[in-house]
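Text of the file input35.txt, holding compact mmCIF, C-alpha atoms:
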```
# COMPACT_ATOMS: atom_id res chain seq x y z
CA MET A 82 61.90 40.38 -34.84
CA ASP A 83 62.16 40.22 -38.53
CA SER A 84 58.98 38.60 -39.73
CA SER A 85 58.53 37.17 -43.13
CA ARG A 86 56.08 34.88 -44.75
CA ARG A 87 58.68 32.10 -44.46
CA THR A 88 59.07 32.34 -40.65
CA PHE A 89 55.31 32.67 -40.14
CA LEU A 90 54.62 29.49 -42.09
CA LYS A 91 57.32 27.65 -40.15
CA ILE A 92 55.86 28.63 -36.77
CA ALA A 93 52.35 27.81 -37.89
CA GLY A 94 53.42 24.36 -39.07
CA VAL A 95 55.22 23.48 -35.86
CA ALA A 96 52.33 24.73 -33.76
CA ALA A 97 49.84 22.61 -35.72
CA VAL A 98 51.93 19.45 -35.28
CA THR A 99 52.46 19.90 -31.54
CA GLY A 100 48.85 20.88 -31.05
CA TRP A 101 47.68 17.71 -32.77
CA GLY A 102 50.18 15.68 -30.76
CA ALA A 103 48.89 17.08 -27.47
CA ARG A 104 45.29 16.05 -28.17
CA PRO A 105 45.26 12.59 -26.59
CA VAL A 106 46.74 14.07 -23.42
CA LEU A 107 44.03 16.72 -23.24
CA ASP A 108 41.34 14.17 -24.03
CA SER A 109 42.43 11.91 -21.21
CA PHE A 110 42.40 14.84 -18.81
CA ALA A 111 38.93 15.78 -19.91
CA SER A 112 37.53 12.30 -19.46
CA SER A 113 39.08 11.48 -16.08
CA GLY A 114 36.62 13.44 -14.01
CA GLY A 115 36.00 10.57 -11.63
CA HIS A 116 32.95 12.30 -10.21
CA GLY A 117 29.39 11.88 -11.24
CA GLU A 118 29.74 8.50 -12.87
CA ALA A 119 26.78 6.65 -11.47
CA VAL A 120 26.84 2.90 -11.54
CA GLU A 121 24.55 1.33 -14.08
CA PRO A 122 21.94 -0.03 -11.74
CA GLU A 123 20.84 -3.58 -11.77
CA ALA A 124 17.12 -3.06 -11.32
CA LYS A 125 14.07 -5.19 -11.78
CA LYS A 126 10.36 -5.32 -11.13
CA THR A 127 9.00 -6.67 -7.91
CA GLY A 128 8.14 -10.34 -8.09
CA GLU A 129 4.50 -9.90 -7.14
CA ALA A 130 3.83 -6.99 -9.54
CA LEU A 131 0.64 -7.12 -11.59
CA ILE A 132 1.63 -7.00 -15.26
CA GLY A 133 -0.71 -5.69 -17.92
CA LYS A 134 -0.34 -4.52 -21.49
CA HIS A 135 -2.90 -1.76 -21.24
CA TRP A 136 -4.61 -1.08 -17.93
CA GLY A 137 -8.18 0.08 -18.08
CA MET A 138 -11.27 0.51 -15.94
CA VAL A 139 -14.97 -0.15 -16.31
CA VAL A 140 -17.45 1.87 -14.25
CA ASP A 141 -20.80 0.17 -13.78
CA THR A 142 -23.13 3.15 -13.33
CA THR A 143 -26.14 0.89 -12.92
CA GLN A 144 -24.90 -0.06 -9.46
CA ILE A 145 -24.68 3.54 -8.23
CA GLU A 146 -27.67 4.52 -6.11
CA SER A 147 -26.45 7.77 -4.62
CA ILE A 148 -23.36 9.71 -3.66
CA ASP A 149 -23.06 7.51 -0.56
CA ASP A 150 -21.91 4.68 -2.82
CA LEU A 151 -19.07 6.80 -4.15
CA GLU A 152 -17.79 8.54 -1.01
CA PRO A 153 -15.84 5.51 0.28
CA ILE A 154 -14.13 5.26 -3.13
CA PHE A 155 -12.96 8.87 -3.04
CA GLU A 156 -11.91 8.60 0.57
CA ALA A 157 -9.84 5.45 0.00
CA CYS A 158 -7.95 7.09 -2.86
CA HIS A 159 -7.41 10.48 -1.30
CA LYS A 160 -6.31 9.09 2.06
CA LEU A 161 -3.85 6.69 0.49
CA HIS A 162 -2.25 9.31 -1.74
CA ASN A 163 -2.07 12.14 0.76
CA VAL A 164 -4.44 14.33 -1.21
CA PRO A 165 -5.07 17.54 0.74
CA VAL A 166 -8.53 18.86 1.57
CA LEU A 167 -8.68 22.53 0.59
CA LYS A 168 -11.72 24.66 1.29
CA ASN A 169 -11.13 27.14 -1.52
CA LYS A 170 -12.79 25.58 -4.55
CA ARG A 171 -10.19 26.95 -6.94
CA HIS A 172 -7.36 25.35 -4.97
CA ARG A 173 -9.02 21.98 -4.61
CA ILE A 174 -7.02 18.86 -5.47
CA MET A 175 -8.87 15.82 -6.77
CA TRP A 176 -7.77 12.46 -8.10
CA ILE A 177 -11.26 11.00 -8.35
CA TRP A 178 -14.53 12.83 -7.83
CA GLU A 179 -18.18 12.91 -8.90
CA ASP A 180 -20.04 14.83 -11.54
CA GLU A 181 -23.44 14.67 -13.21
CA TYR A 182 -24.12 12.92 -16.50
CA GLU A 183 -24.57 16.15 -18.48
CA HIS A 184 -21.06 17.27 -17.54
CA VAL A 185 -19.38 13.91 -17.86
CA PHE A 186 -20.83 13.18 -21.29
CA PRO A 187 -21.64 16.57 -22.87
CA GLY A 188 -23.47 16.21 -26.16
CA GLN A 189 -24.70 12.75 -25.29
CA GLU A 190 -27.58 13.88 -23.08
CA SER A 191 -31.19 14.26 -24.15
CA PRO A 192 -34.28 15.55 -22.36
CA TYR A 193 -36.00 12.17 -22.35
CA MET A 194 -33.21 9.78 -21.53
CA VAL A 195 -33.41 7.08 -18.89
CA GLU A 196 -34.33 8.79 -15.65
CA ARG A 197 -31.66 7.14 -13.54
CA LEU A 198 -28.91 9.01 -15.39
CA HIS A 199 -30.39 12.41 -14.61
CA LYS A 200 -29.73 12.03 -10.92
CA THR A 201 -26.95 9.48 -10.58
CA PRO A 202 -23.58 10.99 -9.69
CA LEU A 203 -20.83 9.50 -11.83
CA PRO A 204 -17.24 8.97 -10.67
CA VAL A 205 -14.66 10.65 -12.89
CA LEU A 206 -10.89 10.37 -12.86
CA CYS A 207 -7.93 10.53 -15.20
CA ASN A 208 -8.83 8.48 -18.28
CA HIS A 209 -5.27 7.30 -18.92
CA CYS A 210 -5.81 8.00 -22.60
CA GLU A 211 -4.10 5.96 -25.24
CA ASN A 212 -3.32 9.21 -27.03
CA PRO A 213 -2.86 11.60 -24.10
CA PRO A 214 -2.87 15.31 -25.00
CA CYS A 215 -1.32 16.21 -21.63
CA VAL A 216 1.80 14.24 -22.52
CA ARG A 217 2.15 16.13 -25.79
CA ALA A 218 1.80 19.45 -24.00
CA CYS A 219 4.35 18.78 -21.26
CA PRO A 220 7.60 20.60 -22.04
CA THR A 221 9.72 18.59 -19.58
CA LYS A 222 8.28 15.10 -20.10
CA ALA A 223 7.24 15.20 -16.46
CA THR A 224 4.02 13.57 -17.52
CA PHE A 225 4.48 10.57 -19.75
CA LYS A 226 2.72 7.45 -20.87
CA ARG A 227 4.35 4.34 -19.55
CA GLU A 228 4.84 2.27 -22.68
CA SER A 229 4.84 -1.02 -20.77
CA ASP A 230 1.26 -0.75 -19.49
CA GLY A 231 -0.28 2.47 -20.78
CA ILE A 232 -0.55 4.32 -17.48
CA VAL A 233 -0.20 8.09 -17.84
CA MET A 234 2.17 8.98 -15.04
CA MET A 235 3.45 12.10 -13.32
CA ASP A 236 7.12 12.50 -12.45
CA PHE A 237 6.89 15.20 -9.80
CA HIS A 238 10.67 15.55 -9.80
CA ARG A 239 10.49 17.05 -13.26
CA CYS A 240 7.26 19.04 -13.09
CA ILE A 241 7.92 22.78 -13.39
CA GLY A 242 4.31 23.76 -12.76
CA CYS A 243 3.62 25.37 -16.14
CA ARG A 244 0.11 23.83 -16.22
CA PHE A 245 0.13 23.26 -19.98
CA CYS A 246 -1.09 19.73 -19.23
CA MET A 247 -4.09 21.12 -17.36
CA ALA A 248 -5.01 23.24 -20.35
CA ALA A 249 -4.52 20.26 -22.67
CA CYS A 250 -6.58 17.74 -20.68
CA PRO A 251 -10.19 17.78 -21.95
CA PHE A 252 -11.43 16.06 -18.79
CA GLY A 253 -10.16 18.43 -16.10
CA ALA A 254 -8.46 15.48 -14.48
CA ARG A 255 -5.48 17.45 -13.25
CA SER A 256 -5.11 19.68 -10.21
CA PHE A 257 -2.44 22.23 -9.42
CA ASN A 258 -0.88 22.75 -6.00
CA PHE A 259 -1.33 26.47 -5.57
CA ARG A 260 -0.31 26.08 -1.92
CA ASP A 261 1.94 23.77 0.05
CA PRO A 262 -0.43 20.81 0.50
CA ARG A 263 1.11 19.41 3.67
CA PRO A 264 -0.83 21.43 6.27
CA PHE A 265 -4.10 20.40 4.60
CA ILE A 266 -3.61 16.66 4.69
CA GLU A 267 -5.89 15.38 7.40
CA GLU A 268 -4.10 12.16 8.16
CA ILE A 269 -0.76 11.59 6.50
CA ASN A 270 0.01 8.19 4.98
CA ARG A 271 3.67 7.83 5.82
CA GLU A 272 4.38 5.27 3.13
CA PHE A 273 3.50 7.59 0.26
CA PRO A 274 5.08 10.97 -0.53
CA THR A 275 3.12 14.19 -0.47
CA ARG A 276 3.48 16.81 -3.19
CA MET A 277 4.96 20.29 -2.95
CA LYS A 278 3.69 23.69 -3.95
CA GLY A 279 3.87 24.26 -7.69
CA VAL A 280 3.34 20.81 -9.18
CA VAL A 281 0.39 19.30 -11.01
CA GLU A 282 -1.07 16.03 -9.79
CA LYS A 283 -3.64 13.47 -10.84
CA CYS A 284 -4.67 9.84 -10.55
CA ASN A 285 -1.84 7.37 -11.20
CA PHE A 286 -4.00 4.22 -11.48
CA CYS A 287 -2.30 3.20 -8.21
CA ALA A 288 0.96 2.33 -9.96
CA GLU A 289 2.58 1.88 -6.54
CA ARG A 290 -0.05 -0.72 -5.58
CA LEU A 291 0.09 -2.58 -8.90
CA ALA A 292 3.85 -2.92 -8.31
CA VAL A 293 3.20 -4.91 -5.17
CA GLY A 294 0.40 -7.01 -6.60
CA LYS A 295 -2.60 -5.06 -5.31
CA MET A 296 -5.61 -3.68 -7.15
CA PRO A 297 -6.12 0.12 -7.14
CA ALA A 298 -7.50 1.43 -3.85
CA CYS A 299 -10.68 2.82 -5.45
CA VAL A 300 -11.49 -0.55 -6.99
CA GLU A 301 -11.07 -2.32 -3.67
CA ALA A 302 -13.34 0.18 -1.94
CA SER A 303 -15.96 0.29 -4.70
CA ASN A 304 -18.07 -2.76 -3.89
CA GLY A 305 -18.11 -3.84 -7.52
CA ILE A 306 -18.88 -0.46 -9.08
CA LEU A 307 -15.38 -0.22 -10.50
CA THR A 308 -13.55 -3.02 -12.29
CA PHE A 309 -9.90 -2.77 -13.18
CA GLY A 310 -7.93 -4.96 -15.55
CA ASP A 311 -5.89 -5.44 -18.67
CA LEU A 312 -7.64 -4.22 -21.81
CA GLY A 313 -4.91 -5.94 -23.81
CA ASP A 314 -5.90 -9.36 -22.52
CA PRO A 315 -9.09 -10.69 -24.18
CA GLU A 316 -9.66 -13.04 -21.24
CA SER A 317 -9.56 -10.31 -18.58
CA GLU A 318 -12.51 -9.31 -16.43
CA VAL A 319 -12.77 -5.87 -17.99
CA ARG A 320 -12.87 -7.27 -21.49
CA GLU A 321 -15.54 -9.70 -20.38
CA LEU A 322 -17.64 -6.78 -19.08
CA LEU A 323 -17.05 -4.78 -22.26
CA ARG A 324 -18.19 -7.71 -24.38
CA GLU A 325 -21.41 -8.13 -22.43
CA HIS A 326 -22.48 -4.53 -21.83
CA PHE A 327 -22.93 -1.41 -23.89
CA THR A 328 -20.34 1.12 -22.75
CA ILE A 329 -19.48 4.72 -23.57
CA ARG A 330 -16.30 6.73 -23.07
CA ARG A 331 -15.87 10.42 -22.34
CA LYS A 332 -15.53 12.85 -25.27
CA GLN A 333 -14.61 10.08 -27.64
CA GLU A 334 -14.87 12.48 -30.59
CA LEU A 335 -11.62 14.14 -29.47
CA GLY A 336 -9.65 11.04 -30.31
CA THR A 337 -7.77 10.73 -27.04
CA GLU A 338 -8.95 7.12 -26.66
CA PRO A 339 -9.77 7.00 -22.93
CA SER A 340 -9.14 3.76 -21.03
CA VAL A 341 -12.07 4.28 -18.66
CA TYR A 342 -15.39 2.87 -19.88
CA TYR A 343 -18.84 3.54 -18.43
CA ILE A 344 -21.69 1.02 -18.49
CA VAL A 345 -24.82 3.18 -18.76
CA MET B 256 57.70 58.45 -9.87
CA ASN B 257 56.38 60.83 -7.26
CA ASP B 258 53.24 58.80 -6.50
CA ARG B 259 55.09 55.79 -5.17
CA GLY B 260 53.70 56.19 -1.65
CA LYS B 261 50.13 56.56 -2.85
CA ILE B 262 50.38 53.52 -5.11
CA ILE B 263 51.81 51.28 -2.42
CA ALA B 264 49.23 52.44 0.12
CA GLY B 265 46.47 51.86 -2.41
CA LEU B 266 47.71 48.37 -3.15
CA ALA B 267 47.91 47.55 0.53
CA ILE B 268 44.33 48.69 1.07
CA PHE B 269 43.16 46.71 -1.97
CA ILE B 270 44.79 43.50 -0.76
CA ALA B 271 43.39 44.03 2.73
CA ILE B 272 39.84 44.39 1.34
CA VAL B 273 40.13 41.44 -1.00
CA THR B 274 41.41 39.12 1.73
CA LEU B 275 39.00 40.44 4.36
CA PRO B 276 36.67 37.40 4.22
CA PHE B 277 39.61 35.13 5.02
CA TRP B 278 40.70 37.25 8.00
CA PHE B 279 37.12 37.59 9.13
CA ASN B 280 36.52 33.84 9.27
CA MET B 281 39.94 32.85 10.57
CA GLY B 282 39.78 30.30 13.35
CA LYS B 283 36.02 29.99 13.01
CA ALA B 284 35.95 26.96 10.71
CA ALA B 285 32.99 24.72 11.48
CA PRO B 286 34.03 21.33 12.85
CA VAL B 287 33.93 18.45 10.39
CA PRO B 288 30.48 16.89 10.72
CA ASP B 289 30.06 13.60 12.43
CA PRO B 290 26.89 11.91 11.17
CA LYS B 291 25.43 9.58 13.74
CA LEU B 292 24.30 6.09 12.86
CA THR B 293 21.23 4.57 14.43
CA ALA B 294 21.50 1.21 16.16
CA LYS B 295 19.78 -0.41 13.19
CA ALA B 296 22.19 1.13 10.69
CA LYS B 297 25.18 0.07 12.81
CA ALA B 298 23.92 -3.48 13.07
CA ALA B 299 23.50 -3.70 9.30
CA LYS B 300 27.24 -2.91 8.94
CA GLU B 301 26.93 -2.04 5.26
CA CYS B 302 24.54 0.19 3.35
CA VAL B 303 23.18 -0.59 -0.10
CA GLU B 304 26.69 -0.07 -1.47
CA SER B 305 30.05 0.39 0.28
CA THR B 306 30.34 3.20 2.82
CA ALA B 307 32.90 5.09 0.74
CA TYR B 308 30.68 4.93 -2.33
CA MET B 309 27.59 5.97 -0.42
CA ARG B 310 29.43 8.88 1.17
CA ALA B 311 30.60 10.26 -2.15
CA GLU B 312 27.89 9.21 -4.57
CA HIS B 313 24.60 8.74 -2.70
CA MET B 314 23.07 11.64 -4.59
CA GLN B 315 23.82 10.02 -7.94
CA LEU B 316 22.45 6.74 -6.68
CA LEU B 317 19.24 8.39 -5.50
CA ASP B 318 18.91 10.22 -8.79
CA VAL B 319 19.16 6.97 -10.72
CA TRP B 320 16.75 5.33 -8.28
CA ARG B 321 14.05 7.92 -8.73
CA ASP B 322 14.18 7.67 -12.51
CA THR B 323 14.20 3.89 -12.43
CA VAL B 324 11.21 3.69 -10.11
CA VAL B 325 9.07 6.44 -11.59
CA ARG B 326 9.85 6.12 -15.26
CA ASP B 327 10.89 2.48 -15.78
CA ALA B 328 8.54 1.02 -13.13
CA LYS B 329 11.36 -1.07 -11.66
CA ARG B 330 11.37 -0.89 -7.90
CA VAL B 331 13.92 -3.47 -6.82
CA TYR B 332 17.63 -2.67 -6.70
CA VAL B 333 20.08 -5.54 -6.94
CA THR B 334 23.54 -4.85 -5.49
CA GLU B 335 26.75 -6.32 -6.81
CA LYS B 336 26.60 -8.91 -4.08
CA GLY B 337 23.13 -9.90 -5.22
CA LYS B 338 21.21 -8.41 -2.29
CA GLU B 339 17.86 -6.85 -3.14
CA TYR B 340 16.40 -3.60 -1.85
CA MET B 341 13.21 -1.70 -2.58
CA MET B 342 14.23 1.63 -4.08
CA SER B 343 12.48 4.01 -1.73
CA LEU B 344 13.92 7.01 0.05
CA SER B 345 11.37 7.12 2.84
CA ASN B 346 10.71 3.42 3.21
CA THR B 347 14.20 1.95 2.64
CA CYS B 348 16.88 4.58 3.33
CA LEU B 349 15.09 6.16 6.25
CA ASP B 350 14.12 2.79 7.62
CA CYS B 351 17.69 2.44 8.89
CA HIS B 352 18.69 6.09 8.88
CA SER B 353 15.64 7.20 10.79
CA ASN B 354 17.55 10.07 12.40
CA LYS B 355 17.53 12.62 9.60
CA THR B 356 18.62 15.55 11.78
CA GLU B 357 21.64 13.69 13.11
CA PHE B 358 22.53 11.89 9.89
CA CYS B 359 21.49 13.63 6.66
CA ASP B 360 21.31 17.19 7.93
CA ARG B 361 24.73 17.28 9.58
CA CYS B 362 26.71 16.92 6.37
CA HIS B 363 24.20 18.79 4.24
CA ASP B 364 24.37 21.79 6.55
CA TYR B 365 28.17 21.65 6.62
CA ALA B 366 28.37 21.50 2.84
CA SER B 367 25.58 24.03 2.46
CA ALA B 368 23.65 21.53 0.37
CA ARG B 369 19.89 22.00 0.49
CA PRO B 370 18.24 19.02 -1.16
CA TYR B 371 14.49 19.46 -1.61
CA CYS B 372 13.72 15.75 -1.16
CA TRP B 373 11.82 16.45 2.03
CA ASP B 374 9.35 18.84 0.45
CA CYS B 375 7.50 15.74 -0.70
CA HIS B 376 9.11 12.66 0.83
CA ILE B 377 8.24 12.01 4.45
CA ASP B 378 11.34 12.56 6.60
CA ASN B 379 10.37 10.33 9.50
CA PRO B 380 8.27 7.56 8.01
CA LYS B 381 7.78 5.84 11.33
CA GLY B 382 6.53 9.00 12.96
CA GLU B 383 8.90 8.72 15.89
CA ASN B 384 9.46 12.34 16.70
```
What does the file become when written as structure tokens?
Amino acid sequence: MDSSRRTFLKIAGVAAVTGWGARPVLDSFASSGGHGEAVEPEAKKTGEALIGKHWGMVVDTTQIESIDDLEPIFEACHKLHNVPVLKNKRHRIMWIWEDEYEHVFPGQESPYMVERLHKTPLPVLCNHCENPPCVRACPTKATFKRESDGIVMMDFHRCIGCRFCMAACPFGARSFNFRDPRPFIEEINREFPTRMKGVVEKCNFCAERLAVGKMPACVEASNGILTFGDLGDPESEVRELLREHFTIRRKQELGTEPSVYYIV
Amino acid sequence: MNDRGKIIAGLAIFIAIVTLPFWFNMGKAAPVPDPKLTAKAKAAKECVESTAYMRAEHMQLLDVWRDTVVRDAKRVYVTEKGKEYMMSLSNTCLDCHSNKTEFCDRCHDYASARPYCWDCHIDNPKGEN
């Protein structure tokens, strides 16, 4: 074929026009997939749900005599949430557990402080920080702070098990499932899921119980040691306690703003 | 053109090898699965949405459900007809479809789909079997 600049320009022009004209056809093909278009769900909260602006907890350490006062608390939580019991200390999974004052409040101990605190075991759990470092560290947003009520939650569907959150948490509140936890759950609670190997877990402030109008399991089992409520409501029970008692929070100098307060 | 015989033989062998999987599996197609409904599911007549929708899109629905429950803290699903359901795989879906092996697994096995829901969610919440 004899090619010249003239014929080339002609062909190019025609091609451009037809190409432009074919666009709507192609677009409509591309959009009519039909599959994977989920309906926008009509969803709402349960009617009986407890609503709070900023959930928090107050631990009254003056009521703790010995570890026997705390065991029922741990048991209630761990049974309800299918937390496995692992013998190997490095594999252990804990949502709420005990520690001594020196470890809970490092830097705030002194040799001559009130004697009770030297021997009282203190319950520790996720602090549901207002400024949670674990959430900043998570690369998949599997852990997130629920804006509606301040609970720091885990979305196990998204967790890839990188454990950045465990490194970021200054309170050691997170545990990793190094093994499939199912064989180590003593008595399975069939209404709550278990976890799988390779995800990080921690306390969820009993979000599933708040949704049906119940207080967290630990609070119910605590005989008054733990008080749970809305820190955003000045009339709430926790705010009342905070007004009347001197309280401290864990590692406050780090600026994570924990939501768990200790009366000492 | 002296290699005609070789070329044709080579082509024949090539086609035979490429189509081998089809010959190999001929007549061995697995029967179309027939998921069984429990008495409770039958009595309910309709699932959360229409049967056709559930058959084709239940995975999308469950995906939306899990995000809505975990991330938005909304646990109640309202259908177009205004009926309300708790969004829970173990406690709502499997309440009716309590026969996972005869219901879920039949199609999943046929389609070679291996959902990992059951690694965490309890597959027989009533503890029947």
Self-check item: Point-to-point distance in Å for atom CA of Ala284 of chain B and atom CA of Arg361 of chain B
Solution: 14.9 Å
Chain B residues near chain A within 7 Å, closest pair each, using all atoms listed in the file, as CSV:
```
residue,atom,partner,partner_atom,distance
B:Gln315,CA,A:Ala119,CA,5.7
B:Leu316,CA,A:Ala119,CA,6.5
B:Val325,CA,A:Asp236,CA,6.4
B:Ala328,CA,A:Lys126,CA,6.9
B:Lys329,CA,A:Lys126,CA,4.4
B:Arg330,CA,A:Lys126,CA,5.6
B:Val331,CA,A:Lys125,CA,5.3
B:Tyr332,CA,A:Ala124,CA,4.7
B:Val333,CA,A:Glu123,CA,5.3
B:Thr334,CA,A:Glu123,CA,7.0
B:Asn346,CA,A:Glu272,CA,6.6
B:Asp374,CA,A:Met277,CA,5.7
B:Cys375,CA,A:Thr275,CA,4.7
B:His376,CA,A:Pro274,CA,4.6
B:Ile377,CA,A:Pro274,CA,6.0
B:Pro380,CA,A:Arg271,CA,5.1
```
Quiz item: Distance atom CA of Ile270 of chain B-atom CA of Asp258 of chain B, one decimal place?
Solution: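 These two atoms are separated by 18.4 Å.
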Quiz item: So how far away is atom CA of Ala298 of chain A from atom CA of Ile266 of chain A, in Å?
Solution: 17.9 Å
Self-check item: Proximity to Val303 of chain B - best of B:Pro276, B:Gly337, B:Gly282, B:Pro288, all atoms listed in the file
Solution: B:Gly337
Quiz prompt | Nearby residues (all atoms listed in the file) at most 7 Å from segment 175-191 of chain A, same-chain spacing under 6 positions excluded, as a ChimeraX atom specification | solution = /A:155,198-199,201-206,256,283-284,331-332
Now that the selection is made, can you save its residues with C-alpha atoms as a short mmCIF file (atom, residue, chain, number, x, y, z; two decimals), in the frame of the given file?
```cif
data_model
loop_
_atom_site.label_atom_id
_atom_site.label_comp_id
_atom_site.auth_asym_id
_atom_site.auth_seq_id
_atom_site.Cartn_x
_atom_site.Cartn_y
_atom_site.Cartn_z
CA PHE A 155 -12.96 8.87 -3.04
CA LEU A 198 -28.91 9.01 -15.39
CA HIS A 199 -30.39 12.41 -14.61
CA THR A 201 -26.95 9.48 -10.58
CA PRO A 202 -23.58 10.99 -9.69
CA LEU A 203 -20.83 9.50 -11.83
CA PRO A 204 -17.24 8.97 -10.67
CA VAL A 205 -14.66 10.65 -12.89
CA LEU A 206 -10.89 10.37 -12.86
CA SER A 256 -5.11 19.68 -10.21
CA LYS A 283 -3.64 13.47 -10.84
CA CYS A 284 -4.67 9.84 -10.55
CA ARG A 331 -15.87 10.42 -22.34
CA LYS A 332 -15.53 12.85 -25.27
#
```
Quiz item: So which residues touch Thr328 of chain A within 8 Å, counting only C-alpha atoms, skipping near sequence neighbours fewer than 4 positions away, as a count of residues only?
Solution: 5
Practice problem: Could you pull out every residue with an atom within 12 Å of (15.5, 17.3, 2.2), file coordinates, counting only C-alpha atoms, and send them as an MDAnalysis selection string? | Solution: chainID B and resid 314 344:345 349 355:356 358:364 368:379
Exercise. Return the single residue from B:Thr293, B:Phe277, B:Glu335, B:Asn257 that is closest to Cys348 of chain B, with distances computed using all atoms listed in the file.
Key: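 Result for the nearest residue to Cys348 of chain B: B:Thr293.
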Practice problem: For Glu301 of chain B, please output as a ChimeraX atom specification all residues within 12 Å (counting all atoms listed in the file; exclusion window: fewer than 2 positions along the same chain). | Solution: /B:292,295-299,303-310,334,336,338,351
Quiz item: Closest to Thr308 of chain A among A:His172, A:Val140, A:Val195, A:Pro264, using all atoms listed in the file?
Solution: A:Val140
